[in-house]
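A.B. asks: Sharing entry_16.txt (compact mmCIF, C-alpha atoms) below.
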```
# COMPACT_ATOMS: atom_id res chain seq x y z
CA MET A 1 108.46 88.77 57.03
CA LEU A 2 109.08 90.87 53.93
CA ASN A 3 112.50 90.25 52.44
CA SER A 4 114.11 93.69 52.07
CA ASP A 5 116.67 92.40 49.57
CA SER A 6 113.95 91.33 47.15
CA PHE A 7 112.61 94.89 47.10
CA ILE A 8 115.52 95.86 44.87
CA ALA A 9 115.54 92.87 42.53
CA ALA A 10 111.91 91.77 42.15
CA PRO A 11 109.02 93.50 40.35
CA ALA A 12 106.56 95.39 42.52
CA TYR A 13 103.91 92.73 41.91
CA ALA A 14 103.70 89.36 40.23
CA LEU A 15 100.20 87.92 39.68
CA ARG A 16 99.66 84.32 38.61
CA ASP A 17 96.19 83.03 37.68
CA VAL A 18 94.46 85.40 40.11
CA THR A 19 90.68 84.92 40.19
CA PHE A 20 88.22 86.70 42.47
CA ARG A 21 84.47 86.91 42.97
CA TYR A 22 82.31 88.50 45.65
CA ALA A 23 80.63 85.54 47.35
CA THR A 24 77.51 86.27 49.40
CA SER A 25 77.06 82.67 50.57
CA SER A 26 78.69 79.26 50.37
CA ARG A 27 76.32 78.40 47.51
CA ASP A 28 76.96 81.57 45.56
CA THR A 29 77.65 80.88 41.89
CA SER A 30 78.08 84.47 40.74
CA GLU A 31 80.49 85.17 37.91
CA SER A 32 84.09 86.00 38.82
CA VAL A 33 84.93 89.70 38.83
CA LEU A 34 88.54 88.94 37.92
CA LYS A 35 89.56 85.89 35.91
CA ASN A 36 92.98 84.26 35.72
CA LEU A 37 95.03 87.44 35.83
CA THR A 38 98.70 86.81 35.15
CA CYS A 39 101.08 89.73 34.84
CA SER A 40 104.14 91.44 36.28
CA ILE A 41 104.12 95.07 37.41
CA ASP A 42 107.51 96.78 37.33
CA SER A 43 108.67 98.85 40.28
CA GLY A 44 109.50 102.52 39.86
CA LYS A 45 106.92 103.07 37.09
CA ILE A 46 103.48 104.66 36.77
CA LEU A 47 100.87 102.10 35.69
CA GLY A 48 97.37 103.15 34.66
CA ILE A 49 94.56 100.59 34.92
CA LEU A 50 91.86 101.26 32.33
CA GLY A 51 88.60 99.65 31.30
CA PRO A 52 84.82 100.12 31.18
CA ASN A 53 82.62 100.21 34.26
CA GLY A 54 82.42 96.79 35.88
CA SER A 55 85.64 95.50 34.34
CA GLY A 56 87.25 94.85 37.73
CA LYS A 57 89.59 97.84 38.04
CA SER A 58 88.79 98.83 41.63
CA THR A 59 88.64 95.19 42.72
CA LEU A 60 92.14 94.63 41.35
CA LEU A 61 93.40 97.66 43.24
CA LYS A 62 91.93 96.33 46.49
CA LEU A 63 93.59 92.97 45.90
CA LEU A 64 96.94 94.70 45.40
CA ALA A 65 96.42 96.55 48.69
CA ARG A 66 95.34 93.27 50.36
CA VAL A 67 92.07 94.86 51.39
CA LEU A 68 90.58 91.84 49.61
CA LEU A 69 92.12 88.37 49.48
CA GLN A 70 92.30 86.67 46.10
CA GLY A 71 90.05 83.67 45.70
CA SER A 72 92.65 81.65 43.83
CA GLY A 73 96.07 82.15 42.31
CA THR A 74 99.02 83.95 43.87
CA ILE A 75 100.11 87.55 44.34
CA GLU A 76 103.71 88.39 45.19
CA LEU A 77 104.86 91.72 46.59
CA PHE A 78 108.54 92.30 45.77
CA GLY A 79 108.96 88.54 45.43
CA ASN A 80 107.17 87.71 48.68
CA SER A 81 103.88 85.80 48.66
CA PHE A 82 100.94 87.67 50.15
CA SER A 83 100.06 84.51 52.08
CA ARG A 84 103.24 84.90 54.13
CA LEU A 85 102.81 88.59 54.91
CA SER A 86 100.80 90.24 57.65
CA GLN A 87 98.50 93.13 56.84
CA GLY A 88 100.89 95.40 58.74
CA GLU A 89 103.83 94.35 56.59
CA VAL A 90 101.86 95.10 53.45
CA ALA A 91 100.66 98.46 54.82
CA ARG A 92 104.25 99.52 55.48
CA ARG A 93 105.04 99.00 51.79
CA VAL A 94 101.72 99.82 50.09
CA ALA A 95 99.41 102.81 50.57
CA LEU A 96 95.90 102.98 49.11
CA VAL A 97 94.05 106.17 48.22
CA PRO A 98 90.42 105.06 47.73
CA GLN A 99 87.97 106.67 45.35
CA GLU A 100 85.76 107.95 48.16
CA THR A 101 87.19 109.25 51.42
CA MET A 102 84.22 109.81 53.68
CA GLN A 103 85.09 111.95 56.68
CA ILE A 104 82.53 111.45 59.43
CA PHE A 105 84.52 113.03 62.23
CA PRO A 106 85.78 116.64 62.02
CA PHE A 107 89.52 115.92 62.05
CA THR A 108 91.95 118.61 61.04
CA ILE A 109 94.07 118.11 57.93
CA ALA A 110 97.16 117.63 60.12
CA GLU A 111 95.42 114.98 62.24
CA MET A 112 94.23 113.10 59.18
CA VAL A 113 97.67 113.12 57.56
CA LEU A 114 99.25 111.87 60.80
CA MET A 115 96.96 108.83 60.70
CA GLY A 116 99.21 107.50 57.97
CA ARG A 117 101.74 106.55 60.66
CA PHE A 118 99.43 103.89 62.12
CA PRO A 119 101.01 100.90 60.26
CA HIS A 120 104.35 101.75 61.89
CA HIS A 121 102.94 101.49 65.41
CA ARG A 122 102.84 98.24 67.31
CA GLY A 123 99.11 97.93 67.86
CA TRP A 124 97.01 98.06 70.98
CA GLY A 125 99.36 96.02 73.15
CA GLY A 126 102.39 98.21 72.56
CA TRP A 127 100.67 101.39 71.45
CA HIS A 128 102.55 104.65 71.74
CA TRP A 129 101.48 108.16 70.98
CA GLU A 130 102.94 109.86 67.94
CA ASP A 131 106.52 110.97 68.52
CA SER A 132 108.66 113.66 66.92
CA ASP A 133 109.64 111.37 64.02
CA ASP A 134 105.99 110.74 63.19
CA TRP A 135 105.25 114.46 63.15
CA ARG A 136 108.37 115.15 61.07
CA ILE A 137 107.37 112.58 58.43
CA ALA A 138 103.79 113.88 58.34
CA HIS A 139 104.98 117.47 58.04
CA GLN A 140 107.30 116.55 55.18
CA ALA A 141 104.43 114.86 53.32
CA MET A 142 102.24 117.92 53.86
CA GLU A 143 104.97 120.13 52.45
CA GLU A 144 105.35 117.91 49.38
CA LEU A 145 101.59 118.10 48.71
CA ASP A 146 101.38 121.82 49.57
CA VAL A 147 98.81 121.42 52.35
CA THR A 148 100.89 122.63 55.30
CA HIS A 149 98.96 125.90 55.42
CA LEU A 150 95.75 123.86 55.75
CA GLY A 151 96.94 121.90 58.80
CA SER A 152 94.50 123.46 61.27
CA ARG A 153 91.53 123.43 58.87
CA LEU A 154 88.87 120.75 59.22
CA VAL A 155 88.78 118.11 56.50
CA THR A 156 85.12 118.96 55.93
CA ASP A 157 85.94 122.63 55.30
CA VAL A 158 88.39 122.39 52.38
CA SER A 159 87.85 122.02 48.65
CA GLY A 160 87.85 118.73 46.78
CA GLY A 161 91.30 119.37 45.30
CA GLU A 162 92.74 120.33 48.70
CA ARG A 163 91.21 117.25 50.32
CA GLN A 164 92.62 114.99 47.63
CA ARG A 165 96.12 116.40 48.15
CA ALA A 166 95.75 115.86 51.89
CA VAL A 167 94.64 112.25 51.40
CA ILE A 168 97.69 111.61 49.21
CA ALA A 169 99.86 113.24 51.92
CA ARG A 170 98.37 110.79 54.43
CA ALA A 171 99.33 107.93 52.13
CA LEU A 172 102.89 109.25 51.82
CA THR A 173 103.11 109.42 55.61
CA GLN A 174 102.97 105.62 55.54
CA GLU A 175 106.37 105.81 53.78
CA PRO A 176 105.27 103.31 51.12
CA GLN A 177 107.18 102.03 48.13
CA ILE A 178 103.91 101.61 46.22
CA LEU A 179 101.06 104.11 45.96
CA LEU A 180 97.67 102.82 44.77
CA LEU A 181 94.99 105.32 43.74
CA ASP A 182 91.40 104.72 42.64
CA GLU A 183 90.37 107.46 40.20
CA PRO A 184 92.43 110.19 41.91
CA THR A 185 91.19 112.92 39.56
CA ALA A 186 87.49 112.04 39.61
CA PHE A 187 85.16 114.95 40.44
CA LEU A 188 88.00 117.48 40.09
CA ASP A 189 88.09 120.37 37.64
CA LEU A 190 90.71 120.52 34.88
CA HIS A 191 93.17 122.58 36.92
CA HIS A 192 93.09 120.19 39.87
CA GLN A 193 93.21 117.12 37.60
CA LEU A 194 96.45 118.44 36.10
CA ASP A 195 97.73 119.34 39.56
CA ILE A 196 97.23 115.80 40.90
CA ALA A 197 98.70 114.20 37.76
CA ARG A 198 101.84 116.33 37.99
CA ILE A 199 102.20 115.60 41.71
CA LEU A 200 102.04 111.85 41.09
CA ARG A 201 104.62 112.05 38.31
CA ARG A 202 106.92 114.14 40.52
CA LEU A 203 106.63 111.65 43.40
CA ASN A 204 107.42 108.85 40.96
CA ARG A 205 110.45 110.60 39.50
CA GLU A 206 111.90 112.09 42.69
CA ARG A 207 111.07 109.35 45.22
CA GLY A 208 111.17 106.37 42.88
CA LEU A 209 107.64 105.63 44.07
CA THR A 210 105.74 102.96 42.16
CA VAL A 211 102.34 104.47 41.27
CA ILE A 212 99.37 102.33 40.20
CA LEU A 213 96.16 104.21 39.45
CA VAL A 214 92.71 103.44 38.14
CA SER A 215 91.39 105.99 35.68
CA HIS A 216 88.54 106.57 33.25
CA ASP A 217 90.46 109.46 31.69
CA LEU A 218 92.29 107.80 28.80
CA ASN A 219 94.03 110.99 27.74
CA LEU A 220 95.37 111.86 31.19
CA ALA A 221 96.59 108.27 31.58
CA SER A 222 98.25 108.43 28.16
CA GLN A 223 100.23 111.55 29.04
CA TYR A 224 101.31 110.64 32.59
CA CYS A 225 101.56 106.82 32.76
CA ASP A 226 104.58 104.82 31.65
CA ARG A 227 102.48 101.67 31.19
CA LEU A 228 98.79 100.93 30.78
CA MET A 229 96.71 97.85 31.60
CA LEU A 230 93.38 97.47 29.81
CA LEU A 231 90.75 95.29 31.50
CA HIS A 232 87.49 93.94 30.09
CA HIS A 233 85.07 91.55 31.77
CA GLY A 234 87.62 90.87 34.51
CA GLN A 235 90.41 89.89 32.15
CA ILE A 236 93.56 91.59 30.92
CA VAL A 237 93.17 92.58 27.27
CA GLU A 238 96.52 94.32 26.86
CA VAL A 239 99.46 95.62 28.90
CA GLY A 240 102.03 97.94 27.40
CA SER A 241 102.99 101.50 26.58
CA PRO A 242 100.27 104.06 25.76
CA LEU A 243 101.08 103.59 22.06
CA GLU A 244 100.59 99.83 22.38
CA VAL A 245 97.35 99.96 24.37
CA LEU A 246 95.48 103.00 23.06
CA ARG A 247 94.83 101.62 19.60
CA PRO A 248 91.43 102.40 18.03
CA GLU A 249 90.54 98.79 17.16
CA LEU A 250 91.39 97.66 20.69
CA LEU A 251 89.47 100.45 22.40
CA GLU A 252 86.44 99.98 20.16
CA SER A 253 86.28 96.26 20.97
CA VAL A 254 86.47 96.94 24.71
CA TYR A 255 84.31 100.06 25.06
CA GLY A 256 81.82 99.11 22.34
CA CYS A 257 81.85 102.45 20.53
CA PRO A 258 83.84 104.08 17.73
CA VAL A 259 86.84 106.18 18.79
CA LEU A 260 89.38 108.39 17.11
CA VAL A 261 93.05 108.19 18.12
CA ASP A 262 95.65 110.71 17.01
CA GLY A 263 98.91 112.08 18.38
CA HIS A 264 99.07 114.82 21.00
CA PRO A 265 100.48 117.95 19.31
CA GLN A 266 103.17 118.37 21.99
CA SER A 267 104.03 114.91 23.32
CA GLY A 268 103.06 112.79 20.30
CA LEU A 269 101.43 110.31 22.69
CA PRO A 270 97.98 108.91 21.81
CA ARG A 271 94.98 111.19 22.23
CA VAL A 272 91.52 109.64 22.26
CA SER A 273 88.30 111.36 21.20
CA LEU A 274 84.80 110.43 20.09
CA PRO A 275 83.59 111.05 16.54
CA VAL A 276 81.05 113.81 16.05
```
Hey, can you dump this file as structure tokens for me?
C.D. replies:
Amino acid sequence: MLNSDSFIAAPAYALRDVTFRYATSSRDTSESVLKNLTCSIDSGKILGILGPNGSGKSTLLKLLARVLLQGSGTIELFGNSFSRLSQGEVARRVALVPQETMQIFPFTIAEMVLMGRFPHHRGWGGWHWEDSDDWRIAHQAMEELDVTHLGSRLVTDVSGGERQRAVIARALTQEPQILLLDEPTAFLDLHHQLDIARILRRLNRERGLTVILVSHDLNLASQYCDRLMLLHHGQIVEVGSPLEVLRPELLESVYGCPVLVDGHPQSGLPRVSLPV
């Protein structure tokens, strides 16, 4: 069982020598996707996970959500080993917003958001229908993400930005302490990218929510993340502030191309561009 006292004192995650590979058979000798990751992730911060395609970013996020189990090493959630926690216990602390949210069935936005209450139910043996508390929590999350007016609309009939806000509302309905997001601004226009980034920062500041997101947008991550983690070939290259991580020599060695880094005219934080 998750120790509630450790939630206050311990970091959100502690990883020690975590290695993972996708094995297709008992004789599979494929290269590890993640190799000997050791790091600590502070609670109450926004961490951006960066790196080229195939560097292991999404795999790491799935390990942190316990969708995947690490091949070796240990992962601790608020000081508690994953090996001692049930999936339900993790789901009541950690919510994952995946990169793709395929909606096969025509649920309404309200129905989809309410699904976030599932980890708080007892399962098939002691199943109960949603009660007034479940609806209250879901409605509050919809208000925070400004999708209440879309409650009766089908998920398939709203825009990409509206759907993304609704998916984040569903995650909040889990009442997590940690929110994991895989490229939350992908496929969105500039306005909706900024909208999602500001929402995540507000949830972090007002709720104290730990936010961990994967992003290919180095500039958005620089402006809205407290800390950055740079991955390459399944290994951690650097963890630190945007100023510490977004250095031209470091980015060029990881991404394999020349980059220019200057200061944002308003924030002074690093801004990355490609040479002409």
A.B. asks: Please measure the separation of CA of Gly240 in chain A and CA of Leu228 in chain A, giving the value in Å to one decimal.
C.D. replies: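 Interatomic distance, CA of Gly240 in chain A to CA of Leu228 in chain A: 5.6 Å.
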A.B. asks: What lies within 12 Å of range 184-186 of chain A using only C-alpha atoms, ignoring chain neighbours under 4 positions off, as a PyMOL selection string?
C.D. replies: chain A and resi 48+58+96-101+160-168+179-180+190-200+211-218+220-221
A.B. asks: Pick out the residues sitting within 7 Å of range 111-120 of chain A, and hand them over as a PDB file with C-alpha atoms, in the coordinates of the input; count only C-alpha atoms, and ignore anything fewer than 4 positions along from it in its own chain.
C.D. replies:
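As written to disk, out33.pdb reads:
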```pdb
ATOM      1  CA  GLY A  88     100.890  95.400  58.740  1.00  0.00           C
ATOM      2  CA  ALA A  91     100.660  98.460  54.820  1.00  0.00           C
ATOM      3  CA  ARG A  92     104.250  99.520  55.480  1.00  0.00           C
ATOM      4  CA  PHE A 107      89.520 115.920  62.050  1.00  0.00           C
ATOM      5  CA  ASP A 134     105.990 110.740  63.190  1.00  0.00           C
ATOM      6  CA  TRP A 135     105.250 114.460  63.150  1.00  0.00           C
ATOM      7  CA  ALA A 138     103.790 113.880  58.340  1.00  0.00           C
ATOM      8  CA  ALA A 166      95.750 115.860  51.890  1.00  0.00           C
ATOM      9  CA  VAL A 167      94.640 112.250  51.400  1.00  0.00           C
ATOM     10  CA  ALA A 169      99.860 113.240  51.920  1.00  0.00           C
ATOM     11  CA  ARG A 170      98.370 110.790  54.430  1.00  0.00           C
ATOM     12  CA  ALA A 171      99.330 107.930  52.130  1.00  0.00           C
ATOM     13  CA  THR A 173     103.110 109.420  55.610  1.00  0.00           C
ATOM     14  CA  GLN A 174     102.970 105.620  55.540  1.00  0.00           C
TER      15      GLN A 174
END
```
A.B. asks: Step by step, gather every atom of range 36-53 of chain A that the file lists, find the box along x, y and z that holds them, add 4 Å on each side, and finally give centre and edge lengths in Å to one decimal, as JSON.
C.D. replies:
```
{"center_x": 96.1, "center_y": 94.5, "center_z": 35.7, "size_x": 34.9, "size_y": 28.4, "size_z": 17.1}
```
A.B. asks: Show me, as a PDB file with C-alpha atoms, keeping the file's coordinate frame, the residues that have an atom within 12 Å of Gln223 in chain A when counting all atoms listed in the file, minus same-chain residues fewer than 6 positions from it.
C.D. replies:
```
ATOM      1  CA  ILE A  46     103.480 104.660  36.770  1.00  0.00           C
ATOM      2  CA  LEU A  47     100.870 102.100  35.690  1.00  0.00           C
ATOM      3  CA  GLY A  48      97.370 103.150  34.660  1.00  0.00           C
ATOM      4  CA  LEU A 194      96.450 118.440  36.100  1.00  0.00           C
ATOM      5  CA  ALA A 197      98.700 114.200  37.760  1.00  0.00           C
ATOM      6  CA  ARG A 198     101.840 116.330  37.990  1.00  0.00           C
ATOM      7  CA  ARG A 201     104.620 112.050  38.310  1.00  0.00           C
ATOM      8  CA  ASP A 217      90.460 109.460  31.690  1.00  0.00           C
ATOM      9  CA  SER A 241     102.990 101.500  26.580  1.00  0.00           C
ATOM     10  CA  PRO A 242     100.270 104.060  25.760  1.00  0.00           C
ATOM     11  CA  LEU A 243     101.080 103.590  22.060  1.00  0.00           C
ATOM     12  CA  LEU A 246      95.480 103.000  23.060  1.00  0.00           C
ATOM     13  CA  GLY A 263      98.910 112.080  18.380  1.00  0.00           C
ATOM     14  CA  HIS A 264      99.070 114.820  21.000  1.00  0.00           C
ATOM     15  CA  PRO A 265     100.480 117.950  19.310  1.00  0.00           C
ATOM     16  CA  GLN A 266     103.170 118.370  21.990  1.00  0.00           C
ATOM     17  CA  SER A 267     104.030 114.910  23.320  1.00  0.00           C
ATOM     18  CA  GLY A 268     103.060 112.790  20.300  1.00  0.00           C
ATOM     19  CA  LEU A 269     101.430 110.310  22.690  1.00  0.00           C
ATOM     20  CA  PRO A 270      97.980 108.910  21.810  1.00  0.00           C
ATOM     21  CA  ARG A 271      94.980 111.190  22.230  1.00  0.00           C
ATOM     22  CA  VAL A 272      91.520 109.640  22.260  1.00  0.00           C
TER      23      VAL A 272
END
```
A.B. asks: Which one of A:Glu249, A:His139, A:His233, A:Pro106 sits closest to Asn53 in chain A if you count all atoms listed in the file?
C.D. replies: A:His233
A.B. asks: Using all atoms listed in the file, determine which residues lie at most 12 Å from His232 in chain A, disregarding the query and same-chain residues fewer than 4 positions distant; provide the list as a list in words.
C.D. replies: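 Final neighbour list, sorted by chain and number: Val33, Leu34, Lys35, Leu37, Ile49, Leu50, Gly51, Pro52, Asn53, Gly54, Ser55, Gly56, Lys57, Ile236, Val237, Glu238, Leu250, Leu251, Glu252, Ser253, Val254, Tyr255 and Gly256 of chain A.
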A.B. asks: Separation of CA of Val94 in chain A and CA of Arg153 in chain A, in Å?
C.D. replies: 27.2 Å
A.B. asks: Rounded to one decimal, what separation in Å do you get between CA of Asp226 in chain A and CA of Leu61 in chain A?
C.D. replies: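 Taking CA of Asp226 in chain A and CA of Leu61 in chain A, their separation equals 17.6 Å.
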A.B. asks: Name the closest residue to Thr19 in chain A among the candidates A:Asp133, A:Val155, A:Gly234, A:Ser222; distances are taken between atoms, counting all atoms listed in the file.
C.D. replies: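 Closest residue, counting all atoms listed in the file: A:Gly234.
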